[in-house]
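What follows is the content of model-v6.json, which has JSON, C-alpha atoms:
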```
[["chain", "number", "residue", "atom", "x", "y", "z"],
["M", 1, "MET", "CA", -15.82, 30.20, -5.86],
["M", 2, "ASP", "CA", -13.06, 29.64, -8.43],
["M", 3, "ILE", "CA", -13.04, 26.57, -10.60],
["M", 4, "PRO", "CA", -10.92, 24.05, -8.65],
["M", 5, "SER", "CA", -7.39, 23.60, -9.90],
["M", 6, "ILE", "CA", -8.17, 20.03, -10.85],
["M", 7, "PHE", "CA", -10.07, 21.43, -13.86],
["M", 8, "ARG", "CA", -7.24, 23.66, -14.93],
["M", 9, "GLY", "CA", -5.05, 22.11, -17.54],
["M", 10, "PRO", "CA", -1.85, 23.45, -19.05],
["M", 11, "GLU", "CA", -2.15, 26.57, -21.18],
["M", 12, "ASP", "CA", -5.38, 26.70, -23.13],
["M", 13, "ARG", "CA", -6.52, 23.21, -22.18],
["M", 14, "SER", "CA", -8.37, 24.37, -19.06],
["M", 15, "VAL", "CA", -11.92, 23.14, -18.92],
["M", 16, "SER", "CA", -14.64, 25.71, -19.45],
["M", 17, "LYS", "CA", -18.00, 25.64, -17.73],
["M", 18, "LEU", "CA", -19.62, 24.94, -21.07],
["M", 19, "GLU", "CA", -17.53, 21.81, -21.45],
["M", 20, "LEU", "CA", -18.07, 20.77, -17.86],
["M", 21, "ALA", "CA", -21.84, 21.12, -17.75],
["M", 22, "PRO", "CA", -22.88, 18.14, -19.91],
["M", 23, "GLU", "CA", -20.26, 15.84, -18.40],
["M", 24, "ALA", "CA", -21.09, 16.92, -14.86],
["M", 25, "SER", "CA", -24.76, 16.34, -15.60],
["M", 26, "GLU", "CA", -23.98, 12.85, -16.88],
["M", 27, "ARG", "CA", -21.83, 12.10, -13.82],
["M", 28, "LEU", "CA", -24.65, 13.24, -11.54],
["M", 29, "ASN", "CA", -27.06, 10.93, -13.32],
["M", 30, "VAL", "CA", -24.66, 8.01, -12.99],
["M", 31, "ALA", "CA", -24.09, 8.69, -9.28],
["M", 32, "TYR", "CA", -27.83, 9.02, -8.71],
["M", 33, "ARG", "CA", -28.55, 5.71, -10.42],
["M", 34, "LEU", "CA", -25.77, 3.99, -8.51],
["M", 35, "ALA", "CA", -27.04, 5.35, -5.17],
["M", 36, "GLN", "CA", -30.49, 4.01, -6.00],
["M", 37, "LYS", "CA", -29.14, 0.65, -7.14],
["M", 38, "THR", "CA", -27.07, 0.38, -3.97],
["M", 39, "ARG", "CA", -30.14, 0.84, -1.82],
["M", 40, "ALA", "CA", -32.19, -1.57, -3.95],
["M", 41, "ALA", "CA", -29.43, -4.22, -3.76],
["M", 42, "ARG", "CA", -29.20, -3.84, 0.03],
["M", 43, "ASP", "CA", -33.00, -4.12, 0.33],
["M", 44, "ALA", "CA", -33.09, -7.13, -2.01],
["M", 45, "GLU", "CA", -30.53, -8.99, 0.08],
["M", 46, "PHE", "CA", -31.38, -7.93, 3.61],
["M", 47, "GLY", "CA", -34.85, -6.37, 3.41],
["M", 48, "VAL", "CA", -35.79, -2.81, 4.27],
["M", 49, "PRO", "CA", -34.68, -1.83, 7.78],
["M", 50, "TYR", "CA", -38.12, -1.01, 9.20],
["M", 51, "SER", "CA", -36.93, 1.23, 12.03],
["M", 52, "THR", "CA", -35.00, 3.47, 9.64],
["M", 53, "SER", "CA", -37.15, 3.16, 6.53],
["M", 54, "HIS", "CA", -38.97, 6.45, 7.18],
["M", 55, "VAL", "CA", -35.76, 8.39, 7.78],
["M", 56, "GLU", "CA", -34.01, 6.87, 4.79],
["M", 57, "ALA", "CA", -37.00, 7.35, 2.55],
["M", 58, "THR", "CA", -37.15, 11.01, 3.56],
["M", 59, "SER", "CA", -33.50, 11.53, 2.78],
["M", 60, "GLU", "CA", -33.95, 9.72, -0.52],
["M", 61, "SER", "CA", -36.76, 12.10, -1.29],
["M", 62, "SER", "CA", -34.53, 15.08, -0.54],
["M", 63, "VAL", "CA", -31.87, 13.55, -2.79],
["M", 64, "SER", "CA", -34.42, 13.52, -5.58],
["M", 65, "VAL", "CA", -35.32, 17.17, -5.01],
["M", 66, "ALA", "CA", -31.63, 18.15, -4.94],
["M", 67, "ARG", "CA", -31.09, 16.22, -8.15],
["M", 68, "GLU", "CA", -33.78, 18.15, -10.00],
["M", 69, "ALA", "CA", -32.39, 21.46, -8.76],
["M", 70, "VAL", "CA", -28.85, 20.62, -9.83],
["M", 71, "LEU", "CA", -29.85, 19.26, -13.21],
["M", 72, "LYS", "CA", -31.89, 22.39, -13.77],
["M", 73, "SER", "CA", -28.96, 24.63, -12.91],
["M", 74, "LEU", "CA", -26.74, 22.62, -15.24],
["M", 75, "ASP", "CA", -29.31, 23.03, -17.98],
["M", 76, "ASP", "CA", -29.01, 26.76, -17.72],
["M", 77, "PHE", "CA", -25.71, 26.33, -19.54],
["M", 78, "ARG", "CA", -27.41, 24.54, -22.42],
["M", 79, "PRO", "CA", -30.27, 26.90, -23.12],
["M", 80, "GLY", "CA", -31.03, 25.46, -26.55],
["M", 81, "GLU", "CA", -31.55, 21.95, -25.26],
["M", 82, "ALA", "CA", -35.04, 20.95, -24.25],
["M", 83, "ARG", "CA", -35.64, 18.93, -21.09],
["M", 84, "PRO", "CA", -38.74, 17.01, -20.19],
["M", 85, "PRO", "CA", -40.81, 18.71, -17.48],
["M", 86, "VAL", "CA", -40.02, 17.81, -13.89],
["M", 87, "ASP", "CA", -42.23, 15.04, -12.62],
["M", 88, "TYR", "CA", -43.14, 16.23, -9.15],
["M", 89, "GLY", "CA", -44.85, 12.93, -8.52],
["M", 90, "GLN", "CA", -41.48, 11.23, -8.57],
["M", 91, "ASP", "CA", -40.74, 12.11, -4.96],
["M", 92, "ALA", "CA", -43.86, 10.37, -3.83],
["M", 93, "LYS", "CA", -42.92, 7.29, -5.85],
["M", 94, "VAL", "CA", -39.40, 7.26, -4.45],
["M", 95, "TYR", "CA", -40.79, 7.72, -0.96],
["M", 96, "ASN", "CA", -43.24, 4.89, -1.29],
["M", 97, "PHE", "CA", -40.84, 2.57, -3.05],
["M", 98, "HIS", "CA", -38.84, 2.00, 0.10],
["M", 99, "GLN", "CA", -41.73, 1.63, 2.52],
["M", 100, "PRO", "CA", -42.30, -1.88, 3.80],
["M", 101, "ALA", "CA", -44.81, -3.77, 1.68],
["M", 102, "PRO", "CA", -48.29, -3.62, 3.22],
["M", 103, "GLN", "CA", -49.16, -6.74, 5.14],
["M", 104, "THR", "CA", -51.95, -8.61, 3.41],
["M", 105, "PRO", "CA", -54.31, -10.19, 5.95],
["M", 106, "GLU", "CA", -54.61, -13.89, 5.67],
["M", 107, "PHE", "CA", -58.25, -14.83, 5.13],
["M", 108, "ARG", "CA", -59.23, -18.21, 6.52],
["M", 109, "ALA", "CA", -62.14, -19.87, 8.23],
["M", 110, "PRO", "CA", -62.13, -19.52, 12.05],
["M", 111, "THR", "CA", -61.19, -22.57, 14.06],
["M", 112, "ASP", "CA", -63.89, -24.21, 16.22],
["M", 113, "ALA", "CA", -62.52, -22.57, 19.35],
["M", 114, "GLU", "CA", -62.49, -19.14, 17.65],
["M", 115, "ALA", "CA", -66.01, -19.66, 16.34],
["M", 116, "THR", "CA", -67.25, -20.54, 19.84],
["M", 117, "GLN", "CA", -65.56, -17.48, 21.32],
["M", 118, "LEU", "CA", -67.01, -15.22, 18.63],
["M", 119, "GLN", "CA", -70.47, -16.64, 19.22],
["M", 120, "MET", "CA", -70.12, -16.02, 22.98],
["M", 121, "LEU", "CA", -69.09, -12.43, 22.33],
["M", 122, "ALA", "CA", -72.02, -11.93, 19.97],
["M", 123, "ASP", "CA", -74.42, -13.43, 22.56],
["M", 124, "SER", "CA", -73.11, -11.28, 25.39],
["M", 125, "ARG", "CA", -73.35, -8.17, 23.19],
["M", 126, "ALA", "CA", -76.93, -9.05, 22.29],
["M", 127, "GLU", "CA", -77.71, -9.46, 26.01],
["M", 128, "LEU", "CA", -76.20, -6.05, 26.79],
["M", 129, "ASN", "CA", -78.19, -4.53, 23.95],
["M", 130, "ASN", "CA", -81.34, -5.94, 25.40],
["M", 131, "LEU", "CA", -80.55, -4.58, 28.86],
["M", 132, "TYR", "CA", -79.11, -1.14, 28.03],
["M", 133, "GLY", "CA", -79.83, -0.53, 24.36],
["M", 134, "GLU", "CA", -77.24, 0.00, 21.54],
["M", 135, "GLN", "CA", -75.48, 2.98, 23.13],
["M", 136, "GLY", "CA", -75.02, 1.38, 26.51],
["M", 137, "ALA", "CA", -73.39, -1.68, 25.00],
["M", 138, "ALA", "CA", -70.97, 0.41, 22.92],
["T", 1, "MET", "CA", -13.08, 17.88, -46.59],
["T", 2, "SER", "CA", -15.71, 17.53, -43.90],
["T", 3, "ILE", "CA", -14.84, 18.75, -40.42],
["T", 4, "LEU", "CA", -16.91, 16.00, -38.75],
["T", 5, "PRO", "CA", -14.44, 13.11, -38.95],
["T", 6, "ARG", "CA", -11.72, 15.29, -37.43],
["T", 7, "PHE", "CA", -14.15, 16.56, -34.79],
["T", 8, "SER", "CA", -15.42, 13.10, -33.91],
["T", 9, "ARG", "CA", -11.86, 11.80, -33.58],
["T", 10, "GLN", "CA", -10.99, 14.55, -31.12],
["T", 11, "GLU", "CA", -14.19, 14.61, -29.14],
["T", 12, "PRO", "CA", -13.88, 11.27, -27.29],
["T", 13, "ASP", "CA", -10.37, 12.19, -26.04],
["T", 14, "ARG", "CA", -11.53, 15.53, -24.76],
["T", 15, "ARG", "CA", -14.63, 14.03, -23.20],
["T", 16, "SER", "CA", -12.69, 11.26, -21.49],
["T", 17, "GLN", "CA", -10.18, 13.86, -20.27],
["T", 18, "ILE", "CA", -13.00, 15.88, -18.70],
["T", 19, "ARG", "CA", -14.57, 12.74, -17.30],
["T", 20, "ASP", "CA", -11.25, 11.81, -15.66],
["T", 21, "MET", "CA", -11.05, 15.27, -14.12],
["T", 22, "LEU", "CA", -14.56, 14.91, -12.76],
["T", 23, "LEU", "CA", -13.74, 11.46, -11.36],
["T", 24, "ARG", "CA", -10.68, 12.84, -9.57],
["T", 25, "PHE", "CA", -12.75, 15.74, -8.28],
["T", 26, "GLU", "CA", -15.44, 13.39, -6.95],
["T", 27, "ALA", "CA", -12.89, 10.97, -5.50],
["T", 28, "LYS", "CA", -11.38, 13.80, -3.48],
["T", 29, "ILE", "CA", -14.78, 14.95, -2.23],
["T", 30, "GLY", "CA", -15.83, 11.37, -1.52],
["T", 31, "GLY", "CA", -12.69, 10.80, 0.53],
["T", 32, "GLN", "CA", -13.63, 13.70, 2.79],
["T", 33, "LEU", "CA", -17.03, 12.26, 3.68],
["T", 34, "PHE", "CA", -15.65, 10.07, 6.43],
["T", 35, "GLY", "CA", -13.76, 12.61, 8.50],
["T", 36, "ALA", "CA", -10.27, 13.99, 8.79],
["T", 37, "LEU", "CA", -7.18, 11.89, 8.10],
["T", 38, "SER", "CA", -3.73, 11.95, 9.60],
["T", 39, "LYS", "CA", -0.79, 13.26, 7.56],
["T", 40, "GLY", "CA", 0.35, 10.86, 4.88],
["T", 41, "HIS", "CA", -2.99, 9.11, 4.85],
["T", 42, "ASP", "CA", -4.94, 9.32, 1.61],
["T", 43, "ARG", "CA", -8.50, 8.21, 1.02],
["T", 44, "GLN", "CA", -10.69, 8.32, -2.06],
["T", 45, "PHE", "CA", -14.23, 7.17, -2.49],
["T", 46, "PHE", "CA", -16.09, 7.52, -5.75],
["T", 47, "CYS", "CA", -18.65, 6.19, -8.17],
["T", 48, "LEU", "CA", -16.72, 4.55, -11.00],
["T", 49, "ASP", "CA", -19.76, 3.72, -13.10],
["T", 50, "GLU", "CA", -23.39, 2.98, -12.45],
["T", 51, "ASN", "CA", -22.61, -0.41, -10.92],
["T", 52, "THR", "CA", -19.38, 0.20, -9.03],
["T", 53, "TRP", "CA", -18.12, 2.08, -5.98],
["T", 54, "ILE", "CA", -14.39, 2.38, -5.38],
["T", 55, "TRP", "CA", -12.75, 2.96, -2.00],
["T", 56, "TYR", "CA", -9.01, 3.59, -2.11],
["T", 57, "GLU", "CA", -6.89, 4.09, 0.95],
["T", 58, "SER", "CA", -3.12, 4.49, 1.32],
["T", 59, "TRP", "CA", -0.96, 5.17, 4.39],
["T", 60, "THR", "CA", 2.55, 4.79, 5.75],
["T", 61, "ASP", "CA", 3.21, 2.46, 8.69],
["T", 62, "ASN", "CA", 5.60, 2.99, 11.62],
["T", 63, "LYS", "CA", 8.50, 1.59, 9.62],
["T", 64, "GLY", "CA", 7.91, 3.99, 6.78],
["T", 65, "LYS", "CA", 6.45, 1.37, 4.49],
["T", 66, "ARG", "CA", 3.68, 2.50, 2.21],
["T", 67, "HIS", "CA", 0.46, 0.47, 2.07],
["T", 68, "SER", "CA", -2.62, 0.76, -0.06],
["T", 69, "VAL", "CA", -5.95, -1.01, -0.28],
["T", 70, "THR", "CA", -8.41, -0.69, -3.11],
["T", 71, "THR", "CA", -11.89, -1.94, -2.38],
["T", 72, "ARG", "CA", -14.36, -2.37, -5.14],
["T", 73, "TYR", "CA", -18.09, -2.71, -4.43],
["T", 74, "ASP", "CA", -19.99, -4.35, -7.26],
["T", 75, "VAL", "CA", -23.66, -3.48, -6.98],
["T", 76, "ARG", "CA", -25.81, -6.24, -8.41],
["T", 77, "PRO", "CA", -29.59, -6.55, -8.47],
["T", 78, "ASN", "CA", -29.65, -9.12, -5.67],
["T", 79, "GLY", "CA", -26.83, -7.86, -3.46],
["T", 80, "ILE", "CA", -23.46, -6.16, -3.19],
["T", 81, "ILE", "CA", -20.14, -7.92, -3.67],
["T", 82, "LYS", "CA", -16.87, -6.61, -2.26],
["T", 83, "LEU", "CA", -13.47, -7.22, -3.82],
["T", 84, "GLN", "CA", -10.32, -6.06, -2.00],
["T", 85, "ASN", "CA", -7.03, -5.64, -3.84],
["T", 86, "GLY", "CA", -8.39, -7.85, -6.58],
["T", 87, "LYS", "CA", -8.64, -10.88, -4.30],
["T", 88, "VAL", "CA", -11.55, -12.85, -2.87],
["T", 89, "TYR", "CA", -15.10, -11.81, -3.49],
["T", 90, "GLN", "CA", -17.05, -11.28, -0.28],
["T", 91, "ARG", "CA", -20.68, -10.53, 0.41],
["T", 92, "LEU", "CA", -21.34, -7.50, 2.56],
["T", 93, "SER", "CA", -22.66, -7.77, 6.08],
["T", 94, "ARG", "CA", -25.93, -6.03, 6.83],
["T", 95, "GLU", "CA", -24.09, -3.29, 8.72],
["T", 96, "GLU", "CA", -21.61, -2.65, 5.93],
["T", 97, "ALA", "CA", -24.40, -2.58, 3.36],
["T", 98, "ASP", "CA", -26.32, -0.04, 5.49],
["T", 99, "ASN", "CA", -23.19, 2.09, 5.76],
["T", 100, "LEU", "CA", -22.60, 1.93, 2.03],
["T", 101, "VAL", "CA", -26.19, 3.01, 1.33],
["T", 102, "ARG", "CA", -25.78, 6.04, 3.61],
["T", 103, "SER", "CA", -22.38, 6.84, 2.10],
["T", 104, "ALA", "CA", -23.89, 6.66, -1.39],
["T", 105, "GLU", "CA", -26.54, 9.21, -0.45],
["T", 106, "LEU", "CA", -24.04, 11.49, 1.26],
["T", 107, "TYR", "CA", -21.77, 11.23, -1.77],
["T", 108, "TYR", "CA", -24.57, 12.18, -4.13],
["T", 109, "ASN", "CA", -25.63, 15.12, -1.97],
["T", 110, "ARG", "CA", -22.06, 16.41, -1.69],
["T", 111, "ILE", "CA", -21.19, 16.19, -5.37],
["T", 112, "SER", "CA", -24.54, 17.77, -6.26],
["T", 113, "ALA", "CA", -23.67, 20.73, -4.06],
["T", 114, "GLU", "CA", -20.14, 20.94, -5.45],
["T", 115, "TYR", "CA", -21.31, 20.85, -9.05],
["T", 116, "ARG", "CA", -23.88, 23.50, -8.31],
["T", 117, "GLN", "CA", -21.13, 25.72, -6.91],
["T", 118, "LEU", "CA", -19.05, 25.09, -10.00],
["T", 119, "GLN", "CA", -21.85, 26.46, -12.15],
["T", 120, "THR", "CA", -21.99, 29.66, -10.15],
["T", 121, "ALA", "CA", -18.21, 30.05, -10.03]]
```
Write-out of the structure in structure tokens:
Amino acid sequence: MDIPSIFRGPEDRSVSKLELAPEASERLNVAYRLAQKTRAARDAEFGVPYSTSHVEATSESSVSVAREAVLKSLDDFRPGEARPPVDYGQDAKVYNFHQPAPQTPEFRAPTDAEATQLQMLADSRAELNNLYGEQGAA
Amino acid sequence: MSILPRFSRQEPDRRSQIRDMLLRFEAKIGGQLFGALSKGHDRQFFCLDENTWIWYESWTDNKGKRHSVTTRYDVRPNGIIKLQNGKVYQRLSREEADNLVRSAELYYNRISAEYRQLQTA
């Protein structure tokens, strides 16, 4: 693939790959952050769409993988510049970030009616145990 | 005389020139994400900075009059605000916000692929 004409300036002012690499890398980072912020803003205002959260989280995860691959390929043009190692745990974090928050059970004392029902269940189970033993009641 | 002052004076111009080229490149790619357009219809969609999406559309009506709409999406921590042709701030509907989120991901995936191809060009 040739460098698109948009990067060709007049005479010697064409952009070289070496000039493009750091700027392209920066643009990718900006676009990545904006994509993440867009999702976070949508979730903050409307909540995570439960039915699509798995699909979206998966695609977000693939975005993250693509990002690492592209940044790595861009780095090949700056061999002297050190990069921090890729955090492979990041995908898992991104994936989990958009899952619905786990529902915390509400602990409370049973009402009288619930307590009576529970007691009846316990009594009938004890009766079955007496008649058929543990396995039969299970 | 040190070369640094001269270099530092020139560098921002060159960098901003390259950045503009990249923005135009992305805007063109972003405009293709939403399907084909009729002749005379122009669409651009791009990430302006890390808080702003821009959607630009221009077309010619039946009477030959040219129209254009620029929509700016300001992404804030608690929601997204839309501003069209510099008038009236609006909050996004759920559906529009969902569409923007998907577009943002598509945009990122497409420009990633394009930049990768540039490196191998």
Legend entry - At most 6 Å to chain M: residues in chain T, all atoms listed in the file, as a list of chain:residue names: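 So the residues of chain T near chain M are T:Glu50, T:Asn51, T:Val75, T:Pro77, T:Asn78, T:Gly79, T:Ala97, T:Val101, T:Ala104, T:Arg116, T:Ala121.
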Inset, instruction - Enter the distance from atom CA of T:Arg102 to atom CA of T:Leu22, in Å, rounded to one decimal. - result: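 Interatomic distance, atom CA of T:Arg102 to atom CA of T:Leu22: 21.7 Å.
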Legend entry - Between atom CA of T:Arg15 and atom CA of T:Gly86, distance in Å (one decimal):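 That distance, rounded to one decimal, is 28.2 Å.
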Inset, instruction - Quote the spacing between atom CA of T:Leu118 and atom CA of T:Asp13 in Å to one decimal place. - result: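 Those two atoms sit 22.3 Å apart.
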Please determine an axis-aligned box that encloses all atoms of stretch 14-32 of chain M listed in the file, with 6 Å added on each side, and express its centre and edge lengths in Å to one decimal as lines of an AutoDock Vina configuration file.
```
center_x = -18.1
center_y = 16.9
center_z = -15.1
size_x = 31.5
size_y = 29.7
size_z = 24.7
```
Legend entry - Given all atoms listed in the file as the counted atoms, nearest of T:Arg43, T:Arg14, T:Arg110, T:Arg19 to T:Ser68: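 Using all atoms listed in the file, the shortest distance to T:Ser68 belongs to T:Arg43.
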Inset, instruction - Using only C-alpha atoms, determine which residues lie at most 10 Å from T:His41, disregarding the query and same-chain residues fewer than 6 positions distant; provide the list as a PyMOL selection string. - result: chain T and resi 57-61+66-68
Output C-alpha atoms for every residue in the selection just made, as a short mmCIF file (atom, residue, chain, number, x, y, z; two decimals), in the frame of the given file.
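Output below, filename result-v3.cif:
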```cif
data_model
loop_
_atom_site.label_atom_id
_atom_site.label_comp_id
_atom_site.auth_asym_id
_atom_site.auth_seq_id
_atom_site.Cartn_x
_atom_site.Cartn_y
_atom_site.Cartn_z
CA GLU T 57 -6.89 4.09 0.95
CA SER T 58 -3.12 4.49 1.32
CA TRP T 59 -0.96 5.17 4.39
CA THR T 60 2.55 4.79 5.75
CA ASP T 61 3.21 2.46 8.69
CA ARG T 66 3.68 2.50 2.21
CA HIS T 67 0.46 0.47 2.07
CA SER T 68 -2.62 0.76 -0.06
#
```
